[in-house]
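Peer 1: To be precise about what I am sending: the file is called target.cif and holds mmCIF, C-alpha atoms.
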```
data_upload
loop_
_atom_site.label_atom_id
_atom_site.label_comp_id
_atom_site.auth_asym_id
_atom_site.auth_seq_id
_atom_site.Cartn_x
_atom_site.Cartn_y
_atom_site.Cartn_z
CA MET A 22 18.22 -0.55 16.30
CA ALA A 23 18.57 -2.30 12.95
CA GLU A 24 15.95 -1.50 10.35
CA SER A 25 15.09 -2.44 6.78
CA THR A 26 13.32 0.22 4.74
CA PHE A 27 11.89 0.55 1.26
CA ILE A 28 11.00 4.03 -0.03
CA TYR A 29 9.13 4.68 -3.26
CA VAL A 30 8.46 8.16 -4.63
CA THR A 31 6.26 8.96 -7.60
CA TYR A 32 4.55 12.04 -8.98
CA ILE A 33 0.92 11.71 -10.06
CA ARG A 34 -0.92 14.33 -12.09
CA THR A 35 -3.94 14.85 -9.86
CA THR A 36 -4.99 16.68 -6.71
CA PRO A 37 -4.22 15.54 -3.16
CA GLU A 38 -7.95 15.03 -2.58
CA LYS A 39 -8.40 12.80 -5.63
CA LEU A 40 -5.28 10.77 -4.82
CA TRP A 41 -6.41 10.40 -1.21
CA GLN A 42 -9.76 9.09 -2.43
CA ALA A 43 -7.99 6.60 -4.73
CA LEU A 44 -5.86 5.39 -1.79
CA THR A 45 -8.75 4.99 0.65
CA ASP A 46 -11.88 4.15 -1.38
CA THR A 47 -12.32 0.43 -0.67
CA ASP A 48 -14.33 0.02 -3.89
CA PHE A 49 -11.63 1.72 -5.99
CA ILE A 50 -8.54 0.06 -4.45
CA PRO A 51 -8.97 -3.30 -6.29
CA GLN A 52 -8.66 -1.46 -9.62
CA TRP A 53 -5.07 -0.40 -8.89
CA TRP A 54 -4.11 -3.20 -6.48
CA MET A 55 -4.83 -5.76 -9.22
CA GLY A 56 -7.93 -7.21 -7.62
CA VAL A 57 -6.75 -7.17 -4.01
CA ARG A 58 -9.29 -5.52 -1.73
CA THR A 59 -9.03 -3.68 1.57
CA GLU A 60 -11.28 -4.20 4.55
CA THR A 61 -11.22 -1.29 7.02
CA ASP A 62 -13.29 1.59 8.27
CA TRP A 63 -10.30 3.99 8.05
CA ARG A 64 -10.26 5.18 11.65
CA VAL A 65 -7.18 5.51 13.83
CA GLY A 66 -6.89 2.36 15.94
CA GLY A 67 -9.19 0.43 13.61
CA PRO A 68 -8.29 -2.88 11.97
CA TRP A 69 -7.04 -3.05 8.39
CA LYS A 70 -6.81 -6.09 6.13
CA LEU A 71 -5.81 -6.92 2.55
CA VAL A 72 -7.75 -9.77 0.95
CA LEU A 73 -6.44 -11.58 -2.14
CA THR A 74 -8.64 -12.32 -5.14
CA ASP A 75 -9.08 -15.93 -3.95
CA GLY A 76 -10.36 -14.78 -0.53
CA ARG A 77 -7.19 -15.45 1.48
CA THR A 78 -6.01 -12.77 3.87
CA ALA A 79 -2.70 -11.38 2.61
CA ASP A 80 -1.88 -8.80 5.28
CA THR A 81 -3.42 -7.42 8.47
CA GLY A 82 -2.79 -4.49 10.71
CA GLU A 83 -4.09 -1.33 12.22
CA VAL A 84 -4.66 2.22 11.03
CA LEU A 85 -2.08 4.31 12.93
CA GLU A 86 -2.56 7.70 11.25
CA PHE A 87 -5.37 9.00 9.06
CA GLU A 88 -4.89 12.65 8.09
CA PRO A 89 -6.74 13.40 4.83
CA PRO A 90 -5.39 14.27 2.32
CA ARG A 91 -1.76 14.07 3.44
CA ARG A 92 -0.78 11.11 5.70
CA LEU A 93 -1.86 7.53 6.13
CA ALA A 94 0.13 5.14 8.32
CA LEU A 95 -0.52 1.44 8.79
CA LYS A 96 0.80 -1.20 11.16
CA TRP A 97 1.32 -4.13 8.77
CA ARG A 98 2.00 -7.86 9.01
CA ASN A 99 2.04 -10.43 6.22
CA GLU A 100 -0.30 -13.34 6.94
CA PHE A 101 0.07 -15.76 4.04
CA LYS A 102 3.81 -16.48 3.91
CA PRO A 103 5.04 -18.02 7.20
CA GLU A 104 8.60 -16.70 6.80
CA LEU A 105 7.30 -13.14 6.35
CA LYS A 106 4.73 -13.42 9.13
CA ALA A 107 7.52 -14.57 11.48
CA GLU A 108 9.28 -11.23 10.99
CA GLY A 109 6.45 -9.50 12.85
CA TRP A 110 4.99 -6.04 12.42
CA SER A 111 6.13 -3.49 9.88
CA HIS A 112 5.10 0.13 9.32
CA CYS A 113 3.84 1.59 6.05
CA LEU A 114 3.49 5.35 5.60
CA PHE A 115 1.85 7.14 2.66
CA GLU A 116 2.68 10.85 2.39
CA LEU A 117 1.01 13.14 -0.15
CA GLU A 118 2.51 16.56 -1.01
CA PRO A 119 1.10 18.95 -3.63
CA GLN A 120 3.66 19.74 -6.35
CA GLY A 121 2.09 22.17 -8.80
CA GLU A 122 -0.30 20.19 -11.00
CA ALA A 123 0.83 16.91 -9.45
CA VAL A 124 1.06 15.19 -6.11
CA LYS A 125 4.28 13.72 -4.78
CA LEU A 126 3.42 10.36 -3.25
CA THR A 127 6.03 8.83 -0.96
CA VAL A 128 5.50 5.32 0.38
CA THR A 129 7.89 4.24 3.15
CA HIS A 130 7.64 0.63 4.29
CA SER A 131 9.94 -0.34 7.17
CA ILE A 132 10.50 -3.03 9.78
CA PRO A 133 12.82 -3.01 12.79
CA ARG A 134 15.18 -5.77 11.61
CA ASP A 135 18.17 -6.15 9.29
CA ALA A 136 17.86 -7.89 5.92
CA SER A 137 14.08 -8.26 6.11
CA GLN A 138 12.50 -10.72 3.70
CA LEU A 139 9.27 -8.72 3.96
CA ILE A 140 10.98 -5.54 2.79
CA GLN A 141 12.62 -7.50 -0.02
CA ALA A 142 9.16 -8.77 -1.05
CA VAL A 143 7.44 -5.36 -0.92
CA SER A 144 10.37 -3.86 -2.84
CA GLY A 145 9.15 -5.92 -5.79
CA GLY A 146 5.45 -5.37 -5.16
CA TRP A 147 5.18 -1.65 -4.42
CA PRO A 148 6.67 -0.38 -7.72
CA GLN A 149 4.18 -2.46 -9.71
CA ILE A 150 1.21 -1.54 -7.51
CA LEU A 151 2.03 2.18 -7.36
CA SER A 152 2.74 2.38 -11.10
CA ASN A 153 -0.69 0.88 -11.57
CA LEU A 154 -2.20 3.51 -9.25
CA LYS A 155 -0.46 6.34 -11.12
CA THR A 156 -1.61 5.09 -14.53
CA LEU A 157 -5.18 4.51 -13.36
CA VAL A 158 -5.50 7.95 -11.74
CA GLU A 159 -3.97 9.75 -14.73
CA THR A 160 -5.62 7.82 -17.58
CA GLY A 161 -8.66 6.08 -16.13
CA LYS A 162 -7.25 2.64 -17.01
CA PRO A 163 -4.93 0.49 -14.90
CA LEU A 164 -1.59 -0.59 -16.32
CA ILE A 165 -2.08 -4.16 -15.02
CA PRO A 166 -5.76 -5.07 -14.50
CA GLN A 167 -5.31 -8.05 -12.16
CA ARG A 168 -2.75 -10.64 -11.26
CA ALA A 169 -2.96 -14.12 -9.81
CA ALA A 170 -3.48 -14.08 -6.04
CA GLU A 171 -0.56 -16.39 -5.40
CA THR A 172 1.91 -13.85 -6.81
CA ALA A 173 0.78 -10.99 -4.55
CA GLN A 174 3.82 -9.59 -2.77
CA ALA A 175 2.74 -6.43 -1.01
#
```
Let me see whether you can do it: turn the structure in this file into structure tokens.

Peer 2:
Amino acid sequence: MAESTFIYVTYIRTTPEKLWQALTDTDFIPQWWMGVRTETDWRVGGPWKLVLTDGRTADTGEVLEFEPPRRLALKWRNEFKPELKAEGWSHCLFELEPQGEAVKLTVTHSIPRDASQLIQAVSGGWPQILSNLKTLVETGKPLIPQRAAETAQA
């Protein structure tokens, strides 16, 4: 089966537990996701939603895996761009691996189709969002505090 995949790997000077908290604390997420907030109760099978700063729903899905502090998997569909929504459901996996004084964070976002516009979009969004996460966790300040809701890509 054809598939489009984006993989991003970064190393963050922190512990797996602190990085896990940063990834799943719904009050902390807007600080690194540039104002975008998550609505979920973080249970396997539970709904998951990203809400833009203007209140529009950006993405929806379901929590597929929740294994603190090492794996988080989400079923994911874009809701605000019709051409991306038409591509259907994608899969986003966060993997955390201790690496000495750091944590290796690997984000794999994939969809079962060739030349996915969604994967092209998240390929631009994830590096910015995850760089922001890394900077915030390491320094206490985000690299990019917030962006306009209409430019949200991931």

Peer 1: Can you measure CA of Pro37 (chain A) to CA of Gly66 (chain A) for me? One decimal in Å is fine.

Peer 2: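 The value is 23.4 Å.
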
Peer 1: Within 12 Å of region 128-144 of chain A, counting only C-alpha atoms, which residues show up once you throw out same-chain ones fewer than 4 positions away? Write them as a ChimeraX atom specification, please.

Peer 2: /A:22-32,44,80,91-118,148-151,172-175

Peer 1: For CA of Gly121 (chain A) and CA of Arg34 (chain A), determine how far apart the two atoms are, in Å to one decimal place.

Peer 2: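 Separation of CA of Gly121 (chain A) and CA of Arg34 (chain A): 9.0 Å.
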
Peer 1: Could you tell me which of A:Leu154, A:Thr36, A:Arg58, A:Gln42 comes closest to Ala123 (chain A) if we count all atoms listed in the file?

Peer 2: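 Comparing A:Leu154, A:Thr36, A:Arg58, A:Gln42 against Ala123 (chain A), the winner is A:Thr36.
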
Peer 1: Between CA of Lys155 (chain A) and CA of Trp54 (chain A), what distance in Å does the model show, to one decimal?

Peer 2: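 Between these atoms lies a distance of 11.2 Å.
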
Peer 1: Between A:Glu86, A:Glu38, A:Gln167, A:Thr156, which residue has the minimum interatomic distance to Val57 (chain A), considering only C-alpha atoms?

Peer 2: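 Of the candidates, the smallest distance to Val57 (chain A) is held by A:Gln167.
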
Peer 1: Starting from the sparse input, extend region 130-143 of chain A to N, CA and C atoms and give the output as a PDB file, keeping the file's coordinate frame.

Peer 2:
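selection_21.pdb, freshly written:
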```
ATOM      1  N   HIS A 130       8.011   1.880   3.622  1.00  0.00           N
ATOM      2  CA  HIS A 130       7.640   0.630   4.290  1.00  0.00           C
ATOM      3  C   HIS A 130       8.885   0.153   5.042  1.00  0.00           C
ATOM      4  N   SER A 131       8.767   0.003   6.360  1.00  0.00           N
ATOM      5  CA  SER A 131       9.940  -0.340   7.170  1.00  0.00           C
ATOM      6  C   SER A 131       9.590  -1.372   8.235  1.00  0.00           C
ATOM      7  N   ILE A 132      10.642  -2.037   8.714  1.00  0.00           N
ATOM      8  CA  ILE A 132      10.500  -3.030   9.780  1.00  0.00           C
ATOM      9  C   ILE A 132      11.771  -2.989  10.617  1.00  0.00           C
ATOM     10  N   PRO A 133      11.644  -3.120  11.925  1.00  0.00           N
ATOM     11  CA  PRO A 133      12.820  -3.010  12.790  1.00  0.00           C
ATOM     12  C   PRO A 133      13.662  -4.290  12.833  1.00  0.00           C
ATOM     13  N   ARG A 134      14.264  -4.625  11.682  1.00  0.00           N
ATOM     14  CA  ARG A 134      15.180  -5.770  11.610  1.00  0.00           C
ATOM     15  C   ARG A 134      16.039  -5.639  10.359  1.00  0.00           C
ATOM     16  N   ASP A 135      17.246  -6.149  10.434  1.00  0.00           N
ATOM     17  CA  ASP A 135      18.170  -6.150   9.290  1.00  0.00           C
ATOM     18  C   ASP A 135      17.742  -7.189   8.264  1.00  0.00           C
ATOM     19  N   ALA A 136      18.038  -6.929   7.015  1.00  0.00           N
ATOM     20  CA  ALA A 136      17.860  -7.890   5.920  1.00  0.00           C
ATOM     21  C   ALA A 136      16.486  -8.548   5.930  1.00  0.00           C
ATOM     22  N   SER A 137      15.451  -7.755   6.028  1.00  0.00           N
ATOM     23  CA  SER A 137      14.080  -8.260   6.110  1.00  0.00           C
ATOM     24  C   SER A 137      13.629  -8.873   4.785  1.00  0.00           C
ATOM     25  N   GLN A 138      13.094 -10.082   4.871  1.00  0.00           N
ATOM     26  CA  GLN A 138      12.500 -10.720   3.700  1.00  0.00           C
ATOM     27  C   GLN A 138      11.209 -10.005   3.289  1.00  0.00           C
ATOM     28  N   LEU A 139      10.492  -9.475   4.264  1.00  0.00           N
ATOM     29  CA  LEU A 139       9.270  -8.720   3.960  1.00  0.00           C
ATOM     30  C   LEU A 139       9.611  -7.499   3.112  1.00  0.00           C
ATOM     31  N   ILE A 140      10.612  -6.748   3.534  1.00  0.00           N
ATOM     32  CA  ILE A 140      10.980  -5.540   2.790  1.00  0.00           C
ATOM     33  C   ILE A 140      11.493  -5.919   1.397  1.00  0.00           C
ATOM     34  N   GLN A 141      12.199  -7.029   1.296  1.00  0.00           N
ATOM     35  CA  GLN A 141      12.620  -7.500  -0.020  1.00  0.00           C
ATOM     36  C   GLN A 141      11.395  -7.804  -0.889  1.00  0.00           C
ATOM     37  N   ALA A 142      10.386  -8.438  -0.304  1.00  0.00           N
ATOM     38  CA  ALA A 142       9.160  -8.770  -1.050  1.00  0.00           C
ATOM     39  C   ALA A 142       8.405  -7.520  -1.481  1.00  0.00           C
ATOM     40  N   VAL A 143       8.201  -6.569  -0.556  1.00  0.00           N
ATOM     41  CA  VAL A 143       7.440  -5.360  -0.920  1.00  0.00           C
ATOM     42  C   VAL A 143       8.222  -4.484  -1.887  1.00  0.00           C
TER      43      VAL A 143
END
```
